[in-house]
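I have placed the structure first, in the form of structure tokens, so that the comments after it can refer back to it.
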Amino acid sequence: MKNVTLPIRFGIVISASLIAYFLFLALFNLHTNPIFSLGNGLITAFGIYEVIKYYKIKVGKQFAYANGFKQGLIAGFVGTLIFSAFFLLYATEVNPLFLAQLLEVFEGQYNVGAGMVTFVVAIMGFSTTVVLTLTFMQLFKDSRNTPNAEGKRDGEITLKKVS
């Protein structure tokens with residue numbers, strides 16, 4: 001449990017930020033414009049970056065790729081689940097006309113309900129989390145291409161000259 005408290009806390013902060021951003025857009029009636037969903041990606045990216053960075057600082061030399069990856073995934077998934085639940089609540093209880101306004105942007109006749117749109121929001125959040133976590137782990141992982149104290153690289157084999 002100790003290993004998942006950090007990403008859960010960051011996931012809650014990510015979801016709170018996503019909800020605040022959504023409600024801010026709703027004040028100006030911009031929450032139905034799909035272009036503003038790019039802000040969701042930026043918020044999620046910042047949260048995942050920070051949780052991996054904080055975890056790497058916390059564990060120091062014991063930082064492993066798999067554990068850093070797990071921290072980013074858990075934070076993003078928690079944020080996505082909480083935001084998806086809020087989205088469903090907003091679309092069904094707070095503003096029942098929201099889905100009609102949202103689908104009005106797209107041309108065509110769509111017969112989808114709140115569950116389908118919430119599912120799409122969740123899938124988008126999960127996929128964004130996986131891609132961003134993989135991307136940020138490239139920044140945080142230890143390189144095996146740098147020489148160690150003896151001037152050798154990890155996995156490097158030194159051949160001795162035979163005469």
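Labeling convention for the structure tokens: chains A, B, ... as they appear, residues from 1 per chain, ligands from 1 in order of appearance.
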Which residues in stretch 6-154 of chain A does DSSP call alpha helix (DSSP H)? List them as number ranges by chain.
A: 6-27, 38-59, 65-89, 98-104, 114-140
Give me, as a list in words, all polymer residues having an atom no more than 10 Å from A:Gly115, counting only C-alpha atoms and skipping those fewer than 4 positions away in the same chain.
Leu88, Ala91, Thr92, Phe119, Val120 and Val121 of chain A
For stretch 54-67 of chain A, find every residue with an atom within 12 Å (counting only C-alpha atoms), except residues of its own chain fewer than 5 positions away, and show them as a ChimeraX atom specification.
/A:3-7,9-10,46-49,72-75,133-134,136-143
Export, as a tab-separated table (two decimals), in the first residue's frame, the selected residues with N, CA and C atoms.
```
chain	number	residue	atom	x	y	z
A	3	ASN	N	3.53	1.84	-1.62
A	3	ASN	CA	4.01	2.19	-2.95
A	3	ASN	C	2.96	2.85	-3.83
A	4	VAL	N	1.69	2.73	-3.49
A	4	VAL	CA	0.65	3.31	-4.33
A	4	VAL	C	0.03	4.59	-3.75
A	5	THR	N	0.42	4.99	-2.57
A	5	THR	CA	-0.17	6.20	-2.01
A	5	THR	C	0.25	7.44	-2.79
A	6	LEU	N	1.50	7.49	-3.22
A	6	LEU	CA	1.98	8.64	-3.98
A	6	LEU	C	1.22	8.82	-5.29
A	7	PRO	N	1.11	7.77	-6.14
A	7	PRO	CA	0.38	7.99	-7.39
A	7	PRO	C	-1.12	8.20	-7.18
A	9	ARG	N	-2.42	9.91	-4.68
A	9	ARG	CA	-2.54	11.35	-4.35
A	9	ARG	C	-2.40	12.20	-5.60
A	10	PHE	N	-1.43	11.89	-6.45
A	10	PHE	CA	-1.25	12.64	-7.68
A	10	PHE	C	-2.44	12.44	-8.62
A	46	PHE	N	1.35	16.91	-17.21
A	46	PHE	CA	2.06	17.54	-16.11
A	46	PHE	C	1.99	16.68	-14.85
A	47	GLY	N	0.81	16.13	-14.56
A	47	GLY	CA	0.65	15.29	-13.37
A	47	GLY	C	1.48	14.02	-13.43
A	48	ILE	N	1.50	13.37	-14.59
A	48	ILE	CA	2.29	12.14	-14.73
A	48	ILE	C	3.77	12.44	-14.65
A	49	TYR	N	4.20	13.52	-15.29
A	49	TYR	CA	5.61	13.92	-15.23
A	49	TYR	C	6.03	14.17	-13.78
A	72	GLY	N	3.37	6.24	-12.88
A	72	GLY	CA	2.68	7.06	-13.87
A	72	GLY	C	1.33	6.47	-14.28
A	73	LEU	N	1.30	5.15	-14.48
A	73	LEU	CA	0.05	4.51	-14.87
A	73	LEU	C	-1.02	4.63	-13.79
A	74	ILE	N	-0.65	4.38	-12.55
A	74	ILE	CA	-1.63	4.45	-11.47
A	74	ILE	C	-2.17	5.87	-11.33
A	75	ALA	N	-1.29	6.86	-11.37
A	75	ALA	CA	-1.73	8.26	-11.24
A	75	ALA	C	-2.69	8.63	-12.37
A	133	THR	N	3.07	8.13	-20.13
A	133	THR	CA	3.95	7.44	-19.19
A	133	THR	C	5.14	6.82	-19.93
A	134	LEU	N	4.88	6.18	-21.05
A	134	LEU	CA	5.98	5.63	-21.84
A	134	LEU	C	6.93	6.74	-22.30
A	136	PHE	N	7.47	9.78	-20.88
A	136	PHE	CA	8.22	10.38	-19.78
A	136	PHE	C	9.24	9.42	-19.19
A	137	MET	N	8.97	8.14	-19.26
A	137	MET	CA	9.96	7.19	-18.74
A	137	MET	C	11.24	7.20	-19.58
A	138	GLN	N	11.15	7.63	-20.83
A	138	GLN	CA	12.37	7.77	-21.63
A	138	GLN	C	13.25	8.88	-21.07
A	139	LEU	N	12.64	9.87	-20.46
A	139	LEU	CA	13.41	10.96	-19.84
A	139	LEU	C	14.02	10.54	-18.51
A	140	PHE	N	13.30	9.71	-17.76
A	140	PHE	CA	13.71	9.41	-16.39
A	140	PHE	C	14.52	8.13	-16.23
A	141	LYS	N	14.50	7.27	-17.21
A	141	LYS	CA	15.22	6.00	-17.05
A	141	LYS	C	16.72	6.25	-17.07
A	142	ASP	N	17.44	5.35	-16.43
A	142	ASP	CA	18.90	5.44	-16.45
A	142	ASP	C	19.38	4.92	-17.79
A	143	SER	N	20.32	5.63	-18.37
A	143	SER	CA	20.87	5.22	-19.64
A	143	SER	C	21.94	4.16	-19.42
```
Among the residues A:Phe36, A:Ile52, A:Phe106, A:Ile19, the one that comes closest to A:Ala85 [using only C-alpha atoms]:
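Among the listed residues, A:Ile19 lies closest to A:Ala85.
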In Å, with one decimal, what is the gap from atom CA of A:Phe87 to atom CA of A:Gly41?
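We find that atom CA of A:Phe87 and atom CA of A:Gly41 lie 15.8 Å from each other.
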